[in-house]
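Below is the file protein04.csv, which contains CSV, C-alpha atoms.
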chain,number,residue,atom,x,y,z
A,1,MET,CA,0.0,0.0,0.0
A,2,LEU,CA,2.8,2.4,0.8
A,3,LEU,CA,4.4,1.6,-2.6
A,4,ALA,CA,1.1,2.4,-4.3
A,5,ILE,CA,0.6,5.6,-2.4
A,6,LEU,CA,4.2,6.7,-3.2
A,7,TRP,CA,3.9,5.8,-6.9
A,8,ALA,CA,0.5,7.7,-7.2
A,9,ASN,CA,1.8,10.8,-5.5
A,10,LEU,CA,5.0,10.9,-7.5
A,11,ALA,CA,3.0,10.5,-10.7
A,12,TRP,CA,0.7,13.3,-9.7
A,13,LEU,CA,3.7,15.5,-8.8
A,14,PHE,CA,5.3,15.2,-12.2
A,15,SER,CA,2.2,14.9,-14.5
A,16,PRO,CA,1.2,18.6,-14.5
A,17,TRP,CA,4.8,19.7,-15.0
A,18,ALA,CA,5.5,17.2,-17.9
A,19,GLU,CA,3.2,18.8,-20.4
A,20,GLU,CA,4.2,22.3,-19.6
A,21,GLU,CA,7.9,21.6,-19.7
A,22,LYS,CA,7.7,19.8,-23.0
A,23,SER,CA,8.8,23.0,-24.9
A,24,LYS,CA,11.1,24.4,-22.2
A,25,GLN,CA,13.2,21.7,-20.8
A,26,THR,CA,16.1,24.0,-20.3
A,27,SER,CA,14.4,25.6,-17.4
A,28,ALA,CA,13.9,22.3,-15.6
A,29,SER,CA,16.2,20.7,-13.1
A,30,LEU,CA,18.3,17.7,-13.9
A,31,ALA,CA,16.0,15.4,-12.0
A,32,GLU,CA,12.9,16.8,-13.8
A,33,ARG,CA,14.6,16.4,-17.2
A,34,ILE,CA,15.4,12.8,-16.4
A,35,VAL,CA,11.9,12.0,-15.3
A,36,PHE,CA,10.5,13.8,-18.4
A,37,SER,CA,12.8,11.8,-20.7
A,38,LEU,CA,11.8,8.5,-19.0
A,39,ALA,CA,8.1,9.3,-19.3
A,40,HIS,CA,8.5,10.0,-23.1
A,41,TRP,CA,10.8,7.1,-23.8
A,42,ARG,CA,9.5,4.9,-26.6
A,43,PHE,CA,9.5,1.8,-24.4
A,44,ALA,CA,7.9,3.6,-21.4
A,45,PRO,CA,4.3,2.3,-22.0
A,46,SER,CA,5.6,-1.3,-22.1
A,47,LEU,CA,7.8,-0.7,-19.0
A,48,PHE,CA,4.8,0.8,-17.2
A,49,GLN,CA,2.6,-2.2,-18.0
A,50,GLY,CA,5.3,-4.5,-16.9
A,51,LEU,CA,5.5,-2.8,-13.6
A,52,ARG,CA,1.8,-2.9,-13.2
A,53,LEU,CA,1.8,-6.6,-13.8
A,54,LEU,CA,4.5,-7.1,-11.2
A,55,TYR,CA,2.6,-5.0,-8.7
A,56,TYR,CA,-0.9,-6.3,-9.2
A,57,VAL,CA,-0.2,-9.9,-9.9
A,58,GLY,CA,3.5,-10.5,-9.2
A,59,LEU,CA,3.4,-9.5,-5.5
A,60,PRO,CA,0.4,-11.6,-4.6
A,61,SER,CA,1.8,-14.6,-6.5
A,62,ALA,CA,5.2,-14.3,-4.8
A,63,ALA,CA,3.5,-14.1,-1.4
A,64,LEU,CA,1.3,-17.1,-2.3
A,65,PHE,CA,4.1,-19.3,-3.6
A,66,TRP,CA,7.1,-18.2,-1.5
A,67,GLY,CA,5.6,-16.4,1.4
A,68,ARG,CA,5.6,-19.5,3.8
A,69,ASP,CA,1.8,-19.4,4.2
A,70,ALA,CA,1.7,-15.6,4.4
A,71,VAL,CA,-1.1,-15.9,1.9
A,72,VAL,CA,-3.6,-18.7,1.9
A,73,SER,CA,-5.0,-19.7,-1.5
A,74,ARG,CA,-8.4,-20.4,0.0
A,75,LEU,CA,-8.6,-16.8,1.5
A,76,LEU,CA,-7.6,-15.4,-1.9
A,77,GLY,CA,-10.7,-17.1,-3.4
A,78,LEU,CA,-8.8,-19.6,-5.6
A,79,GLN,CA,-11.4,-22.2,-5.5
A,80,ARG,CA,-10.6,-25.5,-7.1
A,81,LEU,CA,-12.8,-27.0,-9.8
A,82,ALA,CA,-12.8,-30.7,-9.4
A,83,LEU,CA,-13.0,-32.9,-12.4
A,84,PRO,CA,-14.2,-36.6,-12.6
A,85,ASN,CA,-11.4,-39.0,-11.8
A,86,PRO,CA,-12.4,-42.7,-12.4
A,87,ALA,CA,-9.2,-43.9,-10.6
A,88,ALA,CA,-10.2,-42.2,-7.3
A,89,ALA,CA,-12.1,-44.7,-5.1
A,90,SER,CA,-13.9,-42.1,-2.9
A,91,GLY,CA,-13.9,-39.1,-5.2
A,92,GLY,CA,-17.6,-39.1,-5.9
A,93,THR,CA,-18.7,-37.4,-2.7
A,94,SER,CA,-16.0,-34.7,-2.9
A,95,LEU,CA,-16.8,-34.1,-6.6
A,96,SER,CA,-20.5,-33.7,-5.9
A,97,ALA,CA,-19.7,-31.3,-3.1
A,98,ASN,CA,-17.4,-29.3,-5.2
A,99,TRP,CA,-19.8,-29.0,-8.1
A,100,SER,CA,-22.6,-28.1,-5.7
A,101,ASP,CA,-20.5,-25.3,-4.3
A,102,TRP,CA,-19.8,-24.0,-7.8
A,103,THR,CA,-23.5,-24.1,-8.7
A,104,GLN,CA,-24.4,-22.2,-5.6
A,105,ASP,CA,-21.6,-19.7,-6.3
A,106,LEU,CA,-22.9,-19.2,-9.8
A,107,GLY,CA,-26.3,-18.5,-8.5
A,108,TRP,CA,-25.1,-15.8,-6.2
A,109,THR,CA,-23.0,-14.4,-9.0
A,110,ALA,CA,-26.0,-14.1,-11.2
A,111,VAL,CA,-28.2,-12.5,-8.6
A,112,ILE,CA,-25.6,-10.0,-7.4
A,113,GLY,CA,-24.4,-9.3,-11.0
A,114,LEU,CA,-27.8,-8.7,-12.5
A,115,SER,CA,-29.0,-6.5,-9.6
A,116,SER,CA,-25.9,-4.4,-9.2
A,117,GLY,CA,-25.3,-4.3,-13.0
A,118,ALA,CA,-28.8,-3.0,-13.6
A,119,LEU,CA,-28.3,-0.2,-11.0
A,120,LEU,CA,-24.9,0.8,-12.6
A,121,LEU,CA,-26.4,0.8,-16.1
A,122,LEU,CA,-29.2,3.1,-14.9
A,123,ALA,CA,-26.5,5.4,-13.5
A,124,ALA,CA,-24.5,5.2,-16.7
A,125,PHE,CA,-27.5,6.1,-18.8
A,126,ALA,CA,-28.4,9.0,-16.5
A,127,ARG,CA,-24.8,10.3,-16.7
A,128,ARG,CA,-24.8,9.9,-20.5
A,129,GLN,CA,-28.0,11.8,-20.8
A,130,ALA,CA,-26.9,14.6,-18.4
A,131,LEU,CA,-23.6,15.1,-20.2
A,132,SER,CA,-25.2,15.1,-23.7
A,133,THR,CA,-27.9,17.5,-22.5
A,134,ALA,CA,-25.3,19.8,-21.0
A,135,ASP,CA,-23.3,19.6,-24.3
A,136,VAL,CA,-20.2,18.5,-22.4
A,137,HIS,CA,-17.3,17.3,-24.6
A,138,ALA,CA,-16.9,13.9,-23.0
A,139,GLY,CA,-16.1,11.9,-26.1
A,140,GLY,CA,-13.9,8.8,-25.9
A,141,ASN,CA,-13.1,5.4,-27.3
A,142,ARG,CA,-14.4,2.2,-25.9
A,143,THR,CA,-11.8,0.1,-24.1
A,144,PRO,CA,-11.0,-3.1,-26.0
A,145,ALA,CA,-12.3,-6.3,-24.5
A,146,TRP,CA,-8.8,-7.6,-23.6
A,147,LYS,CA,-7.9,-4.4,-21.8
A,148,ALA,CA,-11.1,-4.6,-19.8
A,149,ALA,CA,-10.2,-8.2,-18.9
A,150,ARG,CA,-6.7,-7.2,-17.9
A,151,GLU,CA,-8.0,-4.4,-15.7
A,152,ALA,CA,-10.6,-6.7,-14.1
A,153,ALA,CA,-7.9,-9.3,-13.4
A,154,TYR,CA,-5.5,-6.7,-12.0
A,155,HIS,CA,-8.0,-5.1,-9.6
A,156,GLU,CA,-9.7,-8.3,-8.5
A,157,VAL,CA,-6.3,-9.9,-7.6
A,158,HIS,CA,-5.2,-6.7,-5.9
A,159,TRP,CA,-8.4,-6.5,-3.8
A,160,ALA,CA,-8.3,-10.2,-2.9
A,161,PHE,CA,-4.6,-9.7,-1.8
A,162,TYR,CA,-5.7,-6.9,0.5
A,163,ARG,CA,-8.4,-9.1,2.1
A,164,ASN,CA,-6.0,-11.9,3.1
A,165,ALA,CA,-4.4,-10.5,6.2
A,166,PRO,CA,-7.6,-8.9,7.6
A,167,ILE,CA,-9.5,-12.2,7.2
A,168,VAL,CA,-6.7,-14.0,9.1
A,169,ALA,CA,-6.8,-11.4,11.8
A,170,LEU,CA,-10.6,-10.6,12.0
A,171,GLY,CA,-12.4,-13.5,10.5
A,172,SER,CA,-14.2,-13.9,7.2
A,173,TYR,CA,-17.0,-11.3,7.7
A,174,TRP,CA,-15.1,-8.3,9.2
A,175,GLY,CA,-11.9,-9.2,7.5
A,176,ILE,CA,-13.5,-8.9,4.0
A,177,TRP,CA,-14.9,-5.4,4.9
A,178,ALA,CA,-11.6,-4.4,6.4
A,179,GLY,CA,-10.0,-5.3,3.1
A,180,LEU,CA,-12.4,-3.0,1.4
A,181,GLY,CA,-11.4,-0.3,3.8
A,182,LEU,CA,-7.7,-0.7,2.9
A,183,VAL,CA,-8.7,-0.3,-0.8
A,184,ALA,CA,-10.6,2.8,0.1
A,185,LEU,CA,-7.7,4.2,2.0
A,186,GLU,CA,-5.4,3.6,-0.9
A,187,ALA,CA,-7.8,5.4,-3.2
A,188,ALA,CA,-8.2,8.3,-0.8
A,189,ALA,CA,-4.4,8.8,-0.7
A,190,ASN,CA,-4.3,9.1,-4.5
A,191,PRO,CA,-4.5,12.8,-5.5
A,192,ALA,CA,-5.7,11.8,-9.0
A,193,TRP,CA,-8.8,10.2,-7.5
A,194,ARG,CA,-9.6,13.3,-5.4
A,195,GLU,CA,-9.1,15.6,-8.3
A,196,ASP,CA,-11.3,13.6,-10.7
A,197,LEU,CA,-14.1,13.3,-8.2
A,198,ARG,CA,-14.4,17.1,-8.3
A,199,LYS,CA,-15.1,17.1,-12.1
A,200,PRO,CA,-18.4,15.8,-13.3
A,201,GLY,CA,-17.0,14.8,-16.7
A,202,GLN,CA,-14.2,12.7,-15.1
A,203,ALA,CA,-15.7,11.3,-12.0
A,204,TRP,CA,-17.6,8.4,-13.6
A,205,PRO,CA,-14.6,6.0,-14.1
A,206,ARG,CA,-13.6,6.5,-10.4
A,207,LEU,CA,-17.1,6.1,-9.1
A,208,SER,CA,-17.8,3.0,-11.2
A,209,ARG,CA,-14.5,1.5,-10.0
A,210,ALA,CA,-15.5,2.1,-6.4
A,211,ALA,CA,-18.9,0.5,-7.1
A,212,LEU,CA,-17.2,-2.5,-8.6
A,213,ALA,CA,-15.0,-2.8,-5.4
A,214,VAL,CA,-18.1,-2.9,-3.3
A,215,ILE,CA,-19.8,-5.5,-5.6
A,216,SER,CA,-16.7,-7.6,-5.5
A,217,THR,CA,-16.6,-7.5,-1.7
A,218,VAL,CA,-20.3,-8.5,-1.5
A,219,LEU,CA,-19.8,-11.4,-4.0
A,220,PHE,CA,-16.6,-12.6,-2.2
A,221,LEU,CA,-18.5,-12.5,1.1
A,222,ARG,CA,-21.1,-14.9,-0.3
A,223,THR,CA,-18.9,-17.1,-2.5
A,224,GLN,CA,-15.2,-16.6,-1.7
A,225,ASN,CA,-14.6,-17.3,-5.4
A,226,LEU,CA,-12.0,-15.1,-7.1
A,227,TRP,CA,-12.7,-16.6,-10.6
A,228,LEU,CA,-16.4,-15.7,-10.5
A,229,ALA,CA,-15.6,-12.2,-9.1
A,230,LEU,CA,-13.1,-11.7,-12.0
A,231,ALA,CA,-15.7,-12.8,-14.6
A,232,LEU,CA,-18.4,-10.6,-13.1
A,233,HIS,CA,-16.1,-7.6,-12.9
A,234,TRP,CA,-15.1,-8.0,-16.6
A,235,ALA,CA,-18.8,-8.4,-17.7
A,236,ILE,CA,-20.0,-5.3,-15.8
A,237,LEU,CA,-17.0,-3.2,-16.8
A,238,TRP,CA,-17.3,-4.2,-20.5
A,239,THR,CA,-21.0,-3.4,-20.4
A,240,LEU,CA,-20.6,-0.1,-18.8
A,241,GLU,CA,-18.0,0.9,-21.4
A,242,ALA,CA,-20.6,0.4,-24.1
A,243,VAL,CA,-23.0,2.9,-22.6
A,244,SER,CA,-20.7,5.4,-20.7
A,245,VAL,CA,-18.7,6.8,-23.7
A,246,VAL,CA,-20.6,10.0,-24.6
A,247,PRO,CA,-20.2,11.1,-28.2
A,248,GLN,CA,-19.2,14.7,-28.9
A,249,VAL,CA,-22.2,16.9,-29.3
A,250,GLY,CA,-21.0,20.0,-31.1
A,251,PRO,CA,-17.5,21.5,-30.9
A,252,PRO,CA,-15.6,21.2,-27.6
A,253,SER,CA,-15.4,24.3,-25.5
A,254,ASP,CA,-12.0,25.9,-24.7
A,255,ALA,CA,-12.1,24.7,-21.2
A,256,ALA,CA,-12.7,21.1,-22.2
A,257,ALA,CA,-10.1,21.3,-25.0
A,258,SER,CA,-7.5,22.5,-22.5
A,259,GLY,CA,-8.4,20.1,-19.7
A,260,PRO,CA,-6.3,17.1,-18.7

Write out the structure in this file as structure tokens.
Amino acid sequence: MLLAILWANLAWLFSPWAEEEKSKQTSASLAERIVFSLAHWRFAPSLFQGLRLLYYVGLPSAALFWGRDAVVSRLLGLQRLALPNPAAASGGTSLSANWSDWTQDLGWTAVIGLSSGALLLLAAFARRQALSTADVHAGGNRTPAWKAAREAAYHEVHWAFYRNAPIVALGSYWGIWAGLGLVALEAAANPAWREDLRKPGQAWPRLSRAALAVISTVLFLRTQNLWLALALHWAILWTLEAVSVVPQVGPPSDAAASGP
């Protein structure tokens, strides 16, 4: 968490400066010029995604495999899907129990997904109508399906990782909600979140992500199944992307054109 907070605040510190200093690098300090050069390096996007992969997936995986039981796979929601094994003498009972658990989990996923997804879709349609009516330049491109899946996987693994220690310390119920509290604390310490929430045209991605964190928490409370949480996250995120991108209505205003 400290690493995430440090990264977010450093990125926020340099992001307003980077665009302004693009044409006047001579007035910047050596450290600022180095940061600017790294940010605009041709391989910077790939490096950035590699670091994100290490942070969101690499750290939990390392703790799971090499952490000497610091992370328990069951508490991460890594439910096993048992397959029929004719060689097993007493595998019928465990197989039936496993498939029964998955069936029950799928039922909860459908109920929570449909109800929460419907509420978020109503909110997305209301936002789209409000922005279109106000003639706000909020145009954008829909995120590709694979990127939505990547973001869903990153965030679900990250949230599950944050739940592990609180569940061990406080038990399943309060530990799951305490994990959500850690996620909220991390977001509150990110200045980009606080800034975007003040702007109606940019608050929606942050609010929808917060809603998905709550949905994931409720689903995990009922199923403790990370795979279903990931699938539900991707489905809701991909659906919201389809209705939340507001087409440009008329020419953008000067304020919108000069915004971040």

Nearby residues (only C-alpha atoms) at most 10 Å from A:Ser61, same-chain spacing under 4 positions excluded, as number ranges by chain
A: 54-57, 65-67, 71, 73, 157, 161

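Shortest separation to A:Leu3 among A:Glu186, A:Asp69, A:Asp196, A:Glu241 occurs at residue A:Glu186, atoms counted being all atoms listed in the file.
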
Atom CA of A:Ala126 to atom CA of A:Trp177, distance in Å rounded to a single decimal
29.1 Å

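If you look at atom CA of A:His158 and atom CA of A:Gln79, they are 16.7 Å away from each other.
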
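Taking all atoms listed in the file into account, A:Leu237 lies nearest to A:Pro144 out of the set A:Pro45, A:Pro144, A:Pro200, A:Gly179.
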
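Residue neighbourhood of A:Leu219, excluding near-sequence residues (fewer than 3 positions): Asp105, Trp108, Thr109, Ala110, Val111, Ile112, Gly113, Ala213, Val214, Ile215, Ser216, Arg222, Thr223, Gln224, Asn225, Leu226, Leu228, Ala229 and Leu232 of chain A, at 10 Å, using all atoms listed in the file.
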
For a test of reading the model, state the distance in Å between atom CA of A:Thr239 and atom CA of A:Arg206, rounded to one decimal.
15.9 Å
